[in-house]
Amino acid sequence: MASSCFLRSILFSSPTNLRSNPLFAFSPNTLTCSPPSTASRFESLSVSSIGAGSSCRLSSTRRNVSEVRSMATSAAEMGKEEKKRVEIYDLEENLAVDLAKFTANLSDKFCKERGAFTVVVSGGSLIKSLRKLVESPYIDSIDWARWHFFWVDERVVPKHHDDSNYKLAYDSFLSKVPIPPGNVHAINESLSAEAAADDYETCLKHLVKTNILRVSESTGFPKFDLMLLGMGPDGHVASLFPGHGLCNESKKWVASINDSPKPPSERITFTFPVINSSAHVSLVVAGSGKAEAVQAALKKTGNVPAGSVSAEDELVWFLDKPASSKL
Ligand SMILES: O=C1O[C@H](COP(=O)(O)O)[C@@H](O)[C@H](O)[C@H]1O
């Protein structure tokens, strides 16, 4: 029962980032120098065309307010770019191996540092990409008792329904790992979408009070340790769809949507301020059908919600080769 409240090229936009050196194996916490993982096979791609990556020069000249504001915006954008990297894998199988390693490393770090690990997942294809985590060595080495598990979005359908993101995660992930049931924070699907969103937000606020969930010092929104997200072929993330007004929600933590362009129409979703206040975010995308949306998000050739995703500490795009084919 869930809790009641309900390459190898590592493509960095910052050329100065140490991790752009392929000698630094994937190790988000320690940056230890070791040979790249043999499990993943990458190909080399050039980096310069992805992301802003431009340098910002400041001079002692007096500037007017709008100049200063625009410099601040560019600096903020640059900061986001520096926290972003893109990993491209020949095979989705290798992507899944590294995604498990990445998640296990963060689990280890946060469980040791703060005694809890707050993890958010999306529905869709992401769940299949988490399959290596429920295998050896991770199944036995991860401190599952300290995990707190959330959904970035949910469809307002019964938990046993095929459209339920809870069911998807339960069938292939939660049923296989010993996360305490009270740490699995599912939505209350017996409520209306609006009430379920409010209820989930109340649940998050309670977890903030009890120090399970941190709050971002810079935004005041909850700061999850890790958000694992998929992306739709139209570039949507969570239930934030292209052109939908919810993409601009700036106050709510959790919002409801009754007109989702992708069925089912009734859903609840974390808002962008919550997603982007996370410490670590991974966007996991596979398949050629998503190549255009990946291009739009990373090369800014279009305006898709995935292009607005950022993280306070680190955003990593995990792509397979077909998904990266238009970069
Ligand atoms: O409807 C949804 O779609 C997205 C993307 O799904 P995918 O199968 O194309 O990866 C998913 O991330 C989201 O959680 C879900 O509700």
# chains A, B, ... in the order shown; residues from 1 in each chain; ligands from 1
call {"tool": "select_by_dssp", "arguments": {"residues": "region 136-317 of chain A", "states": "strand (DSSP E or B)", "output": "number ranges by chain"}}
result
A: 147-151, 153-155, 184, 214-215, 222-223, 226-229, 237, 240, 254-257, 267-270, 280-285, 314-317
call {"tool": "residues_around", "arguments": {"residues": "region 313-322 of chain A", "least_positions_apart": "4", "cutoff": "7 Å", "atoms": "only C-alpha atoms", "output": "PyMOL selection string"}}
result
chain A and resi 83-92+95+279-288+291
call {"tool": "closest_atom_pairs", "arguments": {"of": "chain A", "to": "ligand 1", "cutoff": "6 Å", "atoms": "only C-alpha atoms and all ligand atoms", "output": "CSV"}}
result
residue,atom,partner,partner_atom_place_in_ligand_line,distance
A:Ser122,CA,ligand 1,14 (O),3.8
A:Gly123,CA,ligand 1,14 (O),3.5
A:Gly124,CA,ligand 1,8 (O),3.3
A:Ser125,CA,ligand 1,10 (O),3.9
A:Leu126,CA,ligand 1,10 (O),5.7
A:Asp153,CA,ligand 1,14 (O),5.5
A:Glu154,CA,ligand 1,16 (O),5.9
A:Leu229,CA,ligand 1,12 (O),5.8
A:Gly230,CA,ligand 1,12 (O),4.0
A:Met231,CA,ligand 1,5 (C),4.5
A:Gly232,CA,ligand 1,9 (O),3.8
A:Val237,CA,ligand 1,12 (O),5.4
A:Ala238,CA,ligand 1,14 (O),4.7
A:Ser239,CA,ligand 1,16 (O),5.7
call {"tool": "closest_residue", "arguments": {"among": "A:Leu226, A:Leu204, A:Ala293, A:Val134", "to": "Ser172 (chain A)", "atoms": "only C-alpha atoms"}}
result
A:Val134
call {"tool": "atom_distance", "arguments": {"atom1": "CA of Ala193 (chain A)", "atom2": "CA of His161 (chain A)"}}
result
15.9 Å
call {"tool": "residues_around", "arguments": {"residues": "region 207-224 of chain A", "least_positions_apart": "3", "cutoff": "12 Å", "atoms": "only C-alpha atoms", "output": "PDB file with C-alpha atoms, in the first residue's frame"}}
result
ATOM      1  CA  SER A   3       1.260   6.203   1.730  1.00  0.00           C
ATOM      2  CA  CYS A   5      -1.149  11.241   0.991  1.00  0.00           C
ATOM      3  CA  LEU A 106      23.171   9.734  -5.830  1.00  0.00           C
ATOM      4  CA  PHE A 110      22.078  11.509  -0.131  1.00  0.00           C
ATOM      5  CA  CYS A 111      21.401   8.551   2.172  1.00  0.00           C
ATOM      6  CA  ARG A 114      20.941  13.359   5.003  1.00  0.00           C
ATOM      7  CA  GLY A 115      19.533   9.950   5.797  1.00  0.00           C
ATOM      8  CA  ALA A 116      16.897  10.131   3.073  1.00  0.00           C
ATOM      9  CA  PHE A 117      16.726  10.126  -0.715  1.00  0.00           C
ATOM     10  CA  THR A 118      13.759  11.821  -2.376  1.00  0.00           C
ATOM     11  CA  VAL A 119      13.215  10.461  -5.880  1.00  0.00           C
ATOM     12  CA  VAL A 120      10.599  11.533  -8.375  1.00  0.00           C
ATOM     13  CA  VAL A 121       9.725   9.566 -11.507  1.00  0.00           C
ATOM     14  CA  ARG A 146      15.701   5.545   2.990  1.00  0.00           C
ATOM     15  CA  TRP A 147      14.044   6.167  -0.374  1.00  0.00           C
ATOM     16  CA  HIS A 148      10.969   8.396  -0.637  1.00  0.00           C
ATOM     17  CA  PHE A 149       9.240   7.862  -3.957  1.00  0.00           C
ATOM     18  CA  PHE A 150       7.052  10.404  -5.808  1.00  0.00           C
ATOM     19  CA  TRP A 151       5.468  10.954  -9.215  1.00  0.00           C
ATOM     20  CA  VAL A 152       6.080  14.093 -11.256  1.00  0.00           C
ATOM     21  CA  GLY A 182       4.796   4.582   3.833  1.00  0.00           C
ATOM     22  CA  ASN A 183       7.572   6.143   1.750  1.00  0.00           C
ATOM     23  CA  HIS A 185       3.791   8.866  -2.059  1.00  0.00           C
ATOM     24  CA  TYR A 200      -0.508  16.045  -3.137  1.00  0.00           C
ATOM     25  CA  GLU A 201       0.791  19.560  -2.470  1.00  0.00           C
ATOM     26  CA  THR A 202      -0.335  19.213   1.174  1.00  0.00           C
ATOM     27  CA  CYS A 203       1.516  15.895   1.341  1.00  0.00           C
ATOM     28  CA  LEU A 204       4.700  17.589   0.091  1.00  0.00           C
ATOM     29  CA  MET A 227      13.957  13.790 -10.639  1.00  0.00           C
ATOM     30  CA  LEU A 228      13.958  11.121 -13.346  1.00  0.00           C
ATOM     31  CA  SER A 250       4.661  30.123 -11.030  1.00  0.00           C
ATOM     32  CA  LYS A 251       2.979  29.712  -7.636  1.00  0.00           C
ATOM     33  CA  LYS A 252       1.526  26.229  -7.251  1.00  0.00           C
ATOM     34  CA  TRP A 253       3.698  23.233  -6.440  1.00  0.00           C
ATOM     35  CA  VAL A 254       1.235  20.767  -7.944  1.00  0.00           C
ATOM     36  CA  PHE A 270       4.421  19.155 -10.688  1.00  0.00           C
ATOM     37  CA  THR A 271       4.972  22.661 -12.011  1.00  0.00           C
ATOM     38  CA  PHE A 272       8.175  23.979 -13.564  1.00  0.00           C
ATOM     39  CA  PRO A 273       9.322  25.840 -10.424  1.00  0.00           C
ATOM     40  CA  VAL A 274       9.243  22.513  -8.554  1.00  0.00           C
ATOM     41  CA  ILE A 275      10.943  20.523 -11.314  1.00  0.00           C
ATOM     42  CA  ASN A 276      13.640  23.151 -11.746  1.00  0.00           C
ATOM     43  CA  SER A 277      14.316  23.455  -8.002  1.00  0.00           C
ATOM     44  CA  SER A 278      15.466  19.822  -7.887  1.00  0.00           C
ATOM     45  CA  ALA A 279      19.065  19.135  -7.004  1.00  0.00           C
ATOM     46  CA  HIS A 280      19.511  16.653  -9.863  1.00  0.00           C
ATOM     47  CA  VAL A 281      17.309  16.107 -12.894  1.00  0.00           C
ATOM     48  CA  ALA A 311      18.252  21.785 -12.096  1.00  0.00           C
ATOM     49  CA  GLU A 312      19.886  23.526  -9.150  1.00  0.00           C
ATOM     50  CA  ASP A 313      22.919  21.248  -9.136  1.00  0.00           C
TER      51      ASP A 313
END
call {"tool": "closest_residue", "arguments": {"among": "A:Ala96, A:Arg155, A:Glu113, A:Phe102", "to": "Ile127 (chain A)", "atoms": "only C-alpha atoms"}}
result
A:Ala96
call {"tool": "select_by_dssp", "arguments": {"residues": "region 78-288 of chain A", "states": "helix (DSSP H, G or I)", "output": "MDAnalysis selection string"}}
result
chainID A and resid 78:82 92:114 126:129 131:134 138:141 144:146 165:172 174:176 181:183 193:209 245:248 272:276 288
call {"tool": "atom_distance", "arguments": {"atom1": "CA of Lys326 (chain A)", "atom2": "CA of Pro261 (chain A)"}}
result
25.2 Å
call {"tool": "closest_residue", "arguments": {"among": "A:Ile139, A:His236, A:Ser192, A:His244", "to": "Lys176 (chain A)", "atoms": "only C-alpha atoms"}}
result
A:Ile139
call {"tool": "atom_distance", "arguments": {"atom1": "CA of Glu266 (chain A)", "atom2": "CA of Ser190 (chain A)"}}
result
12.4 Å
call {"tool": "closest_residue", "arguments": {"among": "A:Leu327, A:Val156, A:Glu135, A:Glu81", "to": "Ala196 (chain A)", "atoms": "only C-alpha atoms"}}
result
A:Val156
